[in-house]
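Trainee: If it helps, the file is called entry.pdb and holds PDB, C-alpha atoms:
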```pdb
ATOM      1  CA  MET L   1      71.639  95.219 111.062
ATOM      2  CA  SER L   2      75.072  96.853 110.890
ATOM      3  CA  GLN L   3      76.660  97.817 114.185
ATOM      4  CA  THR L   4      78.212 101.190 114.920
ATOM      5  CA  THR L   5      81.977 101.500 115.219
ATOM      6  CA  ALA L   6      81.600 102.153 118.954
ATOM      7  CA  ASP L   7      79.575  98.957 119.354
ATOM      8  CA  LEU L   8      82.164  96.994 117.443
ATOM      9  CA  GLN L   9      85.001  98.379 119.541
ATOM     10  CA  GLN L  10      83.299  97.187 122.729
ATOM     11  CA  GLN L  11      82.225  93.770 121.462
ATOM     12  CA  PHE L  12      85.379  91.714 121.944
ATOM     13  CA  SER L  13      87.481  92.785 124.896
ATOM     14  CA  GLY L  14      90.030  90.021 124.393
ATOM     15  CA  TYR L  15      90.584  90.628 120.688
ATOM     16  CA  SER L  16      92.343  93.840 119.692
ATOM     17  CA  GLY L  17      90.348  94.454 116.509
ATOM     18  CA  PRO L  18      87.148  96.530 116.579
ATOM     19  CA  VAL L  19      85.183  93.829 114.730
ATOM     20  CA  MET L  20      85.257  90.043 114.735
ATOM     21  CA  PRO L  21      85.676  88.649 111.203
ATOM     22  CA  GLU L  22      82.818  86.571 109.836
ATOM     23  CA  ARG L  23      83.000  83.829 107.200
ATOM     24  CA  ARG L  24      80.564  84.588 104.359
ATOM     25  CA  ASP L  25      79.910  81.973 101.693
ATOM     26  CA  LEU L  26      79.206  84.214  98.697
ATOM     27  CA  HIS L  27      79.339  83.493  94.968
ATOM     28  CA  PHE L  28      79.641  86.095  92.212
ATOM     29  CA  LEU L  29      79.706  84.527  88.718
ATOM     30  CA  PRO L  30      81.132  87.533  86.835
ATOM     31  CA  PRO L  31      80.553  87.319  83.062
ATOM     32  CA  GLY L  32      83.414  85.739  81.169
ATOM     33  CA  ASP L  33      82.907  87.921  78.101
ATOM     34  CA  ARG L  34      83.840  90.986  80.189
ATOM     35  CA  ILE L  35      87.072  89.641  81.718
ATOM     36  CA  CYS L  36      89.231  91.931  79.552
ATOM     37  CA  ASP L  37      87.177  95.112  79.818
ATOM     38  CA  TRP L  38      85.221  95.036  83.063
ATOM     39  CA  HIS L  39      86.852  98.071  84.711
ATOM     40  CA  GLN L  40      85.440 101.485  83.852
ATOM     41  CA  ALA L  41      88.963 102.920  83.453
ATOM     42  CA  GLY L  42      89.681 100.679  80.467
ATOM     43  CA  PRO L  43      91.539  97.504  79.496
ATOM     44  CA  ASN L  44      94.911  98.343  81.039
ATOM     45  CA  VAL L  45      93.463  98.977  84.484
ATOM     46  CA  THR L  46      91.344  95.853  84.000
ATOM     47  CA  GLN L  47      94.465  93.773  83.339
ATOM     48  CA  PHE L  48      96.243  95.287  86.337
ATOM     49  CA  MET L  49      93.372  94.189  88.561
ATOM     50  CA  ASN L  50      93.353  90.809  86.840
ATOM     51  CA  ALA L  51      97.078  90.501  87.578
ATOM     52  CA  LEU L  52      96.381  91.063  91.279
ATOM     53  CA  SER L  53      93.749  88.325  91.171
ATOM     54  CA  LEU L  54      96.350  85.821  89.992
ATOM     55  CA  PHE L  55      98.182  86.107  93.311
ATOM     56  CA  PHE L  56      95.200  85.287  95.497
ATOM     57  CA  PRO L  57      94.602  81.522  95.220
ATOM     58  CA  ALA L  58      98.161  80.501  96.134
ATOM     59  CA  GLY L  59      98.773  83.508  98.362
ATOM     60  CA  GLU L  60      95.660  82.958 100.431
ATOM     61  CA  ARG L  61      96.447  79.267 100.790
ATOM     62  CA  MET L  62      99.806  80.306 102.264
ATOM     63  CA  PHE L  63      98.023  82.746 104.607
ATOM     64  CA  ILE L  64      95.666  79.980 105.749
ATOM     65  CA  ASP L  65      98.494  77.541 106.402
ATOM     66  CA  ALA L  66     100.594  80.204 108.165
ATOM     67  CA  VAL L  67      97.853  81.089 110.649
ATOM     68  CA  ARG L  68      96.698  77.501 111.067
ATOM     69  CA  ALA L  69     100.265  76.492 112.011
ATOM     70  CA  TYR L  70      99.974  78.706 115.118
ATOM     71  CA  ARG L  71      96.258  78.406 115.897
ATOM     72  CA  ASP L  72      96.649  75.838 118.676
ATOM     73  CA  GLU L  73      99.239  78.088 120.346
ATOM     74  CA  ILE L  74      96.982  81.164 120.492
ATOM     75  CA  PRO L  75      96.337  81.894 124.185
ATOM     76  CA  ASP L  76      93.325  84.179 123.752
ATOM     77  CA  PRO L  77      89.983  82.515 122.850
ATOM     78  CA  ASP L  78      88.678  85.549 120.955
ATOM     79  CA  LEU L  79      91.814  85.715 118.836
ATOM     80  CA  ARG L  80      91.543  81.974 118.226
ATOM     81  CA  LYS L  81      87.967  82.554 117.065
ATOM     82  CA  ALA L  82      89.152  85.392 114.820
ATOM     83  CA  ALA L  83      91.876  83.160 113.370
ATOM     84  CA  THR L  84      89.285  80.520 112.475
ATOM     85  CA  ALA L  85      87.131  83.162 110.777
ATOM     86  CA  PHE L  86      90.210  84.509 108.975
ATOM     87  CA  ILE L  87      90.905  81.034 107.597
ATOM     88  CA  GLY L  88      87.287  80.733 106.461
ATOM     89  CA  GLN L  89      87.296  84.112 104.746
ATOM     90  CA  GLU L  90      90.546  83.424 102.922
ATOM     91  CA  ALA L  91      89.219  80.065 101.739
ATOM     92  CA  MET L  92      86.188  81.816 100.211
ATOM     93  CA  HIS L  93      88.412  84.436  98.569
ATOM     94  CA  SER L  94      90.612  81.729  97.085
ATOM     95  CA  ARG L  95      87.628  79.822  95.692
ATOM     96  CA  GLU L  96      86.129  82.877  94.012
ATOM     97  CA  HIS L  97      89.453  84.022  92.550
ATOM     98  CA  ILE L  98      90.139  80.546  91.150
ATOM     99  CA  GLU L  99      86.874  80.817  89.203
ATOM    100  CA  TYR L 100      87.715  84.420  88.233
ATOM    101  CA  ASN L 101      91.155  83.387  86.986
ATOM    102  CA  GLN L 102      89.665  80.589  84.915
ATOM    103  CA  LEU L 103      87.811  83.262  82.953
ATOM    104  CA  MET L 104      91.195  84.669  81.951
ATOM    105  CA  ASP L 105      92.283  81.277  80.633
ATOM    106  CA  ALA L 106      89.082  80.980  78.623
ATOM    107  CA  ALA L 107      89.799  84.393  77.082
ATOM    108  CA  GLY L 108      93.279  83.311  75.939
ATOM    109  CA  LEU L 109      95.254  85.048  78.688
ATOM    110  CA  PRO L 110      98.232  83.177  80.273
ATOM    111  CA  ALA L 111      96.551  82.923  83.681
ATOM    112  CA  SER L 112      97.338  79.271  84.472
ATOM    113  CA  GLU L 113     101.010  79.711  83.636
ATOM    114  CA  LEU L 114     101.329  82.765  85.885
ATOM    115  CA  ASP L 115      99.232  81.188  88.647
ATOM    116  CA  ALA L 116     101.563  78.166  88.636
ATOM    117  CA  GLN L 117     104.525  80.465  89.256
ATOM    118  CA  VAL L 118     102.862  81.861  92.382
ATOM    119  CA  TRP L 119     102.054  78.358  93.660
ATOM    120  CA  ALA L 120     105.664  77.276  93.100
ATOM    121  CA  HIS L 121     106.964  80.277  95.043
ATOM    122  CA  THR L 122     104.628  79.859  98.002
ATOM    123  CA  GLU L 123     105.293  76.112  98.180
ATOM    124  CA  TYR L 124     109.028  76.820  98.248
ATOM    125  CA  VAL L 125     108.547  79.293 101.106
ATOM    126  CA  LYS L 126     106.435  76.810 103.088
ATOM    127  CA  THR L 127     108.843  73.899 102.643
ATOM    128  CA  HIS L 128     112.259  75.581 102.704
ATOM    129  CA  THR L 129     111.985  78.333 105.314
ATOM    130  CA  ALA L 130     111.407  78.570 109.044
ATOM    131  CA  LYS L 131     107.880  78.157 110.406
ATOM    132  CA  VAL L 132     107.647  81.875 111.168
ATOM    133  CA  THR L 133     108.537  83.029 107.636
ATOM    134  CA  PRO L 134     105.145  82.357 106.002
ATOM    135  CA  LEU L 135     103.480  84.161 108.915
ATOM    136  CA  LEU L 136     105.813  87.136 108.479
ATOM    137  CA  MET L 137     105.023  87.211 104.752
ATOM    138  CA  THR L 138     101.343  86.933 105.593
ATOM    139  CA  ILE L 139     101.337  89.985 107.857
ATOM    140  CA  ALA L 140     103.284  91.952 105.241
ATOM    141  CA  LEU L 141     100.937  91.021 102.395
ATOM    142  CA  GLU L 142      97.869  91.448 104.599
ATOM    143  CA  HIS L 143      99.052  95.012 105.157
ATOM    144  CA  PHE L 144      99.086  95.537 101.386
ATOM    145  CA  THR L 145      95.667  93.984 100.842
ATOM    146  CA  ALA L 146      94.124  95.917 103.740
ATOM    147  CA  LEU L 147      95.482  99.204 102.393
ATOM    148  CA  MET L 148      94.303  98.434  98.870
ATOM    149  CA  GLY L 149      90.936  97.436 100.290
ATOM    150  CA  ASP L 150      90.771 100.695 102.230
ATOM    151  CA  THR L 151      91.435 102.855  99.183
ATOM    152  CA  LEU L 152      88.958 100.911  97.046
ATOM    153  CA  LEU L 153      86.246 101.497  99.657
ATOM    154  CA  ARG L 154      87.248 105.035 100.597
ATOM    155  CA  TYR L 155      87.259 106.216  96.976
ATOM    156  CA  PRO L 156      84.235 104.501  95.409
ATOM    157  CA  GLU L 157      84.795 106.434  92.176
ATOM    158  CA  GLN L 158      87.756 104.105  91.616
ATOM    159  CA  MET L 159      85.328 101.329  90.602
ATOM    160  CA  ALA L 160      82.104 103.216  89.888
ATOM    161  CA  GLY L 161      80.720 102.363  86.470
ATOM    162  CA  SER L 162      82.582  99.046  86.228
ATOM    163  CA  GLN L 163      80.725  95.844  85.378
ATOM    164  CA  GLU L 164      78.642  95.271  88.490
ATOM    165  CA  ASP L 165      79.524  91.623  89.234
ATOM    166  CA  TYR L 166      83.269  92.295  89.111
ATOM    167  CA  GLU L 167      82.862  95.510  91.118
ATOM    168  CA  ARG L 168      80.776  93.709  93.746
ATOM    169  CA  MET L 169      83.321  90.896  94.027
ATOM    170  CA  TRP L 170      86.234  93.285  94.522
ATOM    171  CA  ARG L 171      84.290  95.339  97.085
ATOM    172  CA  TRP L 172      83.429  92.164  99.032
ATOM    173  CA  HIS L 173      87.094  91.151  99.025
ATOM    174  CA  ALA L 174      88.126  94.661 100.096
ATOM    175  CA  LEU L 175      85.626  94.711 102.964
ATOM    176  CA  GLU L 176      86.799  91.388 104.355
ATOM    177  CA  GLU L 177      90.463  92.377 104.004
ATOM    178  CA  VAL L 178      89.747  95.426 106.149
ATOM    179  CA  GLU L 179      87.678  93.365 108.569
ATOM    180  CA  HIS L 180      90.406  90.791 109.254
ATOM    181  CA  LYS L 181      93.460  92.990 108.657
ATOM    182  CA  ALA L 182      94.918  92.538 112.149
ATOM    183  CA  VAL L 183      94.286  88.831 112.727
ATOM    184  CA  ALA L 184      97.568  87.440 111.382
ATOM    185  CA  TYR L 185      99.454  90.340 112.972
ATOM    186  CA  ASP L 186      97.912  89.596 116.372
ATOM    187  CA  VAL L 187      98.729  85.907 115.973
ATOM    188  CA  TYR L 188     102.344  86.917 115.317
ATOM    189  CA  GLU L 189     102.513  89.114 118.423
ATOM    190  CA  LYS L 190     100.774  86.575 120.675
ATOM    191  CA  CYS L 191     102.631  83.469 119.458
ATOM    192  CA  VAL L 192     106.023  84.763 118.297
ATOM    193  CA  GLY L 193     106.355  87.831 120.448
ATOM    194  CA  ARG L 194     107.043  91.538 120.527
ATOM    195  CA  GLY L 195     110.225  93.466 121.113
ATOM    196  CA  PRO L 196     113.318  94.361 119.057
ATOM    197  CA  LYS L 197     113.824  90.937 117.477
ATOM    198  CA  ALA L 198     110.174  90.571 116.427
ATOM    199  CA  TYR L 199     110.220  94.130 115.069
ATOM    200  CA  ALA L 200     113.427  93.511 113.117
ATOM    201  CA  MET L 201     112.037  90.318 111.572
ATOM    202  CA  ARG L 202     108.746  91.845 110.478
ATOM    203  CA  SER L 203     110.473  94.940 109.072
ATOM    204  CA  ALA L 204     113.010  92.876 107.131
ATOM    205  CA  ILE L 205     110.363  90.622 105.633
ATOM    206  CA  MET L 206     108.220  93.613 104.685
ATOM    207  CA  LEU L 207     111.170  95.089 102.794
ATOM    208  CA  THR L 208     111.906  91.841 100.927
ATOM    209  CA  THR L 209     108.208  91.256 100.249
ATOM    210  CA  THR L 210     107.803  94.766  98.850
ATOM    211  CA  ALA L 211     110.863  94.284  96.658
ATOM    212  CA  THR L 212     109.540  91.036  95.201
ATOM    213  CA  PHE L 213     105.742  91.355  95.175
ATOM    214  CA  TRP L 214     105.269  94.592  93.246
ATOM    215  CA  PRO L 215     107.772  93.805  90.454
ATOM    216  CA  HIS L 216     105.957  90.488  89.975
ATOM    217  CA  VAL L 217     102.588  92.251  89.860
ATOM    218  CA  MET L 218     103.887  94.495  87.084
ATOM    219  CA  LEU L 219     105.454  91.538  85.254
ATOM    220  CA  PHE L 220     102.137  89.689  85.388
ATOM    221  CA  TYR L 221     100.323  92.823  84.204
ATOM    222  CA  ARG L 222     102.659  93.136  81.220
ATOM    223  CA  ARG L 223     102.105  89.473  80.312
ATOM    224  CA  LEU L 224      98.323  89.902  80.450
ATOM    225  CA  ALA L 225      98.411  93.202  78.577
ATOM    226  CA  ALA L 226     100.589  91.682  75.844
ATOM    227  CA  ALA L 227      97.955  88.969  75.344
ATOM    228  CA  ASP L 228      95.025  91.421  75.252
ATOM    229  CA  PRO L 229      94.414  92.965  71.804
ATOM    230  CA  ALA L 230      92.798  96.050  73.345
ATOM    231  CA  CYS L 231      95.897  96.754  75.451
ATOM    232  CA  VAL L 232      98.173  96.082  72.481
ATOM    233  CA  LYS L 233      96.146  98.553  70.431
ATOM    234  CA  ALA L 234      96.348 101.174  73.186
ATOM    235  CA  GLY L 235     100.146 100.819  73.251
ATOM    236  CA  TRP L 236     102.143 103.115  75.490
ATOM    237  CA  ARG L 237      99.112 105.351  76.059
ATOM    238  CA  GLY L 238      97.380 102.484  77.854
ATOM    239  CA  HIS L 239     100.384 101.938  80.131
ATOM    240  CA  LEU L 240     100.540 105.675  80.815
ATOM    241  CA  LYS L 241      96.842 105.697  81.699
ATOM    242  CA  LEU L 242      97.433 102.903  84.216
ATOM    243  CA  ALA L 243     100.452 104.726  85.681
ATOM    244  CA  ASN L 244      98.345 107.848  86.150
ATOM    245  CA  PHE L 245      95.490 105.853  87.685
ATOM    246  CA  MET L 246      97.838 104.233  90.209
ATOM    247  CA  LEU L 247     100.591 106.799  90.801
ATOM    248  CA  GLY L 248      99.558 110.145  89.318
ATOM    249  CA  ARG L 249      96.086 111.645  89.538
ATOM    250  CA  PRO L 250      94.014 110.158  91.078
ATOM    251  CA  GLY L 251      96.959 107.904  92.086
ATOM    252  CA  TYR L 252      95.182 105.246  94.117
ATOM    253  CA  LEU L 253      98.399 103.363  94.972
ATOM    254  CA  ARG L 254     100.252 106.577  95.738
ATOM    255  CA  LYS L 255      97.646 107.405  98.371
ATOM    256  CA  LEU L 256      98.672 104.262 100.284
ATOM    257  CA  LEU L 257     102.265 105.352 100.917
ATOM    258  CA  PRO L 258     101.836 107.024 104.342
ATOM    259  CA  GLU L 259      99.951 104.053 105.786
ATOM    260  CA  TYR L 260     102.414 101.631 104.177
ATOM    261  CA  LEU L 261     105.312 103.412 105.898
ATOM    262  CA  ALA L 262     103.444 103.281 109.218
ATOM    263  CA  TYR L 263     104.188  99.536 109.250
ATOM    264  CA  PHE L 264     107.805 100.350 110.111
ATOM    265  CA  LYS L 265     106.915 102.134 113.342
ATOM    266  CA  TYR L 266     108.041 100.116 116.351
ATOM    267  CA  SER L 267     104.598 100.559 117.936
ATOM    268  CA  PHE L 268     102.637  99.732 114.768
ATOM    269  CA  HIS L 269      99.347  97.884 114.869
ATOM    270  CA  PRO L 270      96.973  97.562 111.864
ATOM    271  CA  TRP L 271      94.014  99.032 113.759
ATOM    272  CA  GLN L 272      95.884 102.272 114.458
ATOM    273  CA  GLN L 273      94.185 103.156 111.178
ATOM    274  CA  ASN L 274      90.683 102.567 112.524
ATOM    275  CA  ASN L 275      88.609 102.341 109.362
ATOM    276  CA  ALA L 276      85.921 100.035 110.744
ATOM    277  CA  ASP L 277      83.361 102.621 109.614
ATOM    278  CA  LEU L 278      83.965 101.398 106.053
ATOM    279  CA  LEU L 279      82.404  98.070 107.017
ATOM    280  CA  ALA L 280      78.959  99.640 107.355
ATOM    281  CA  GLU L 281      78.082  98.644 103.785
ATOM    282  CA  ILE L 282      78.845  94.950 104.183
ATOM    283  CA  ASP L 283      75.304  93.824 105.049
ATOM    284  CA  GLN L 284      73.870  95.509 101.956
ATOM    285  CA  LEU L 285      76.625  94.104  99.767
ATOM    286  CA  VAL L 286      75.900  90.581 101.031
ATOM    287  CA  ASP L 287      72.212  91.044 100.210
ATOM    288  CA  ASP L 288      73.058  92.366  96.734
ATOM    289  CA  ALA L 289      75.515  89.533  96.056
ATOM    290  CA  GLU L 290      73.044  86.861  97.089
ATOM    291  CA  ALA L 291      70.301  88.426  94.958
ATOM    292  CA  ALA L 292      72.606  88.689  91.934
ATOM    293  CA  TYR L 293      73.738  85.077  92.301
ATOM    294  CA  ALA L 294      70.132  83.899  92.542
ATOM    295  CA  SER L 295      69.278  85.787  89.355
ATOM    296  CA  HIS L 296      72.295  84.340  87.520
ATOM    297  CA  THR L 297      71.399  80.782  88.483
ATOM    298  CA  ALA L 298      67.607  81.029  88.083
TER     299      ALA L 298
END
```
Turn the structure described in the file into structure tokens.

Mentor:
Amino acid sequence: MSQTTADLQQQFSGYSGPVMPERRDLHFLPPGDRICDWHQAGPNVTQFMNALSLFFPAGERMFIDAVRAYRDEIPDPDLRKAATAFIGQEAMHSREHIEYNQLMDAAGLPASELDAQVWAHTEYVKTHTAKVTPLLMTIALEHFTALMGDTLLRYPEQMAGSQEDYERMWRWHALEEVEHKAVAYDVYEKCVGRGPKAYAMRSAIMLTTTATFWPHVMLFYRRLAAADPACVKAGWRGHLKLANFMLGRPGYLRKLLPEYLAYFKYSFHPWQQNNADLLAEIDQLVDDAEAAYASHTA
């Protein structure tokens, strides 16, 4: 049974989040013949979401390694437990998005080539920067994924009518991003510290991450759209439809701006936006995902 937000807030006195993350071993098996048109808003929005998926396998491996590098230094047992669950969740996300991205390859999209670029970048960061840098990038990117997860859950019309296996997979990912949104941040504060220097580092890395991540998302989108005949046929109207979907009306990315800027407050913490109420649907989604997987494999 799902717990109330009040129950969740009282459950773990040593961990600052209102809910302890939980590793869930779910499979989705979305249909490969829908990889280019699964989103109800059309092929361009589909390819934008597909472009985001390309960042997850390598990105989540970096997140795992960044938190694992500090796990033995975490002084609080509840946070250490949350870090272990975070690692487990990200491993499941990576596995499912690897399979998802393989569907793009099978459809003739340049997924492997773009995925390799992300792996090369994250490997460079892990091997050529200070130990704290991957953790700083993790808390910045976790802020993005938590905000995107929040808007996907808060505005269900964003995905309503999409192919159900893809929709279910994205909702599962969104729920777990909200659930564990503060874990890496708390690891940073507990193991690296707070104060002016810690604030300056996290703010600087957020600025550089913003300046590099979103241009690469749009570059990847353009590469996928150029390889998709439906997007080519739509031409500039398809790109305009995506721009309106993300920045105009309804403008799902635009809606994230106030909470994105909140990251730069000196006193920021991810759970200042307490959206744990959105997690109420997770039990039903798990049941639906398990039933759908059983039917696909029967």

Trainee: Quick check, in Å to one decimal: how far apart do atom CA of L:Ser162 and atom CA of L:Arg24 lie?

Mentor: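 Computing it gives 23.3 Å between the two atoms.
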
Trainee: Kindly compute an axis-aligned box around the listed atoms of stretch 157-171 of chain L, allowing 5 Å on each side, and express its centre and edge lengths in Å to one decimal as lines of an AutoDock Vina configuration file.

Mentor:
```
center_x = 83.2
center_y = 98.7
center_z = 91.2
size_x = 19.1
size_y = 25.5
size_z = 21.7
```

Trainee: Applied to the shown file, which residues does the PyMOL selection byres ((chain L and resi 185-199) around 7) return, written as a PyMOL selection string?

Mentor: chain L and resi 70+73-74+139+182-184+200-203+266

Trainee: Nearest to L:Thr209 among L:Val125, L:Ala291, L:Ala130, L:Leu175, with distances taken over only C-alpha atoms: which residue is it?

Mentor: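 Selected residue with least distance to L:Thr209: L:Val125.
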
Trainee: Using all atoms listed in the file, give me every residue within 9 Å of (96.5, 97.9, 91.2) in file coordinates, as a ChimeraX atom specification.

Mentor: /L:45,48-52,148,217,242,245-246,252-253

Trainee: Need the neighbours of (99.0, 85.0, 90.5): which residues are at most 10 Å away, counting all atoms listed in the file, as an MDAnalysis selection string?

Mentor: chainID L and resid 50:59 97:98 101 111:119 216:217 220

Trainee: Quick one: which residues end up in the PyMOL selection byres ((chain L and resi 27) around 10) for this structure, as a PDB file with C-alpha atoms, keeping the file's coordinate frame?

Mentor:
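The result, stored in result13.pdb:
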```pdb
ATOM      1  CA  ARG L  24      80.564  84.588 104.359  1.00  0.00           C
ATOM      2  CA  ASP L  25      79.910  81.973 101.693  1.00  0.00           C
ATOM      3  CA  LEU L  26      79.206  84.214  98.697  1.00  0.00           C
ATOM      4  CA  PHE L  28      79.641  86.095  92.212  1.00  0.00           C
ATOM      5  CA  LEU L  29      79.706  84.527  88.718  1.00  0.00           C
ATOM      6  CA  PRO L  30      81.132  87.533  86.835  1.00  0.00           C
ATOM      7  CA  MET L  92      86.188  81.816 100.211  1.00  0.00           C
ATOM      8  CA  HIS L  93      88.412  84.436  98.569  1.00  0.00           C
ATOM      9  CA  ARG L  95      87.628  79.822  95.692  1.00  0.00           C
ATOM     10  CA  GLU L  96      86.129  82.877  94.012  1.00  0.00           C
ATOM     11  CA  GLU L  99      86.874  80.817  89.203  1.00  0.00           C
ATOM     12  CA  ASP L 165      79.524  91.623  89.234  1.00  0.00           C
ATOM     13  CA  MET L 169      83.321  90.896  94.027  1.00  0.00           C
ATOM     14  CA  VAL L 286      75.900  90.581 101.031  1.00  0.00           C
ATOM     15  CA  ALA L 289      75.515  89.533  96.056  1.00  0.00           C
ATOM     16  CA  GLU L 290      73.044  86.861  97.089  1.00  0.00           C
ATOM     17  CA  ALA L 292      72.606  88.689  91.934  1.00  0.00           C
ATOM     18  CA  TYR L 293      73.738  85.077  92.301  1.00  0.00           C
ATOM     19  CA  ALA L 294      70.132  83.899  92.542  1.00  0.00           C
TER      20      ALA L 294
END
```

Trainee: Would you kindly translate the PyMOL selection byres ((chain L and resi 109) around 9) into the concrete residues it picks from this file, as a list in words?

Mentor: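 Applying the expression gives Leu103, Met104, Asp105, Ala106, Ala107, Gly108, Pro110, Ala111, Ser112, Arg223, Leu224, Ala225, Ala226, Ala227 and Asp228 of chain L.
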
Trainee: Report, in Å to a single decimal, how far apart atom CA of L:Ala146 and atom CA of L:Ala174 are.

Mentor: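 Atom-to-atom, atom CA of L:Ala174 and atom CA of L:Ala146 are spaced 7.1 Å apart.
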
Trainee: Between L:Met62, L:Ile282, L:Met20, L:Leu219, which one has atoms that come closest to L:His180, using all atoms listed in the file?

Mentor: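 Under the stated criterion, the closest residue is L:Met20.
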
Trainee: Which residues, written as a list in words, have at least one atom at most 9 Å from L:Pro134, with only C-alpha atoms counted and residues fewer than 6 positions away on the same chain left out?

Mentor: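 The filter keeps Met62, Phe63, Asp65, Ala66, Val67, Thr122, Val125 and Lys126 of chain L.
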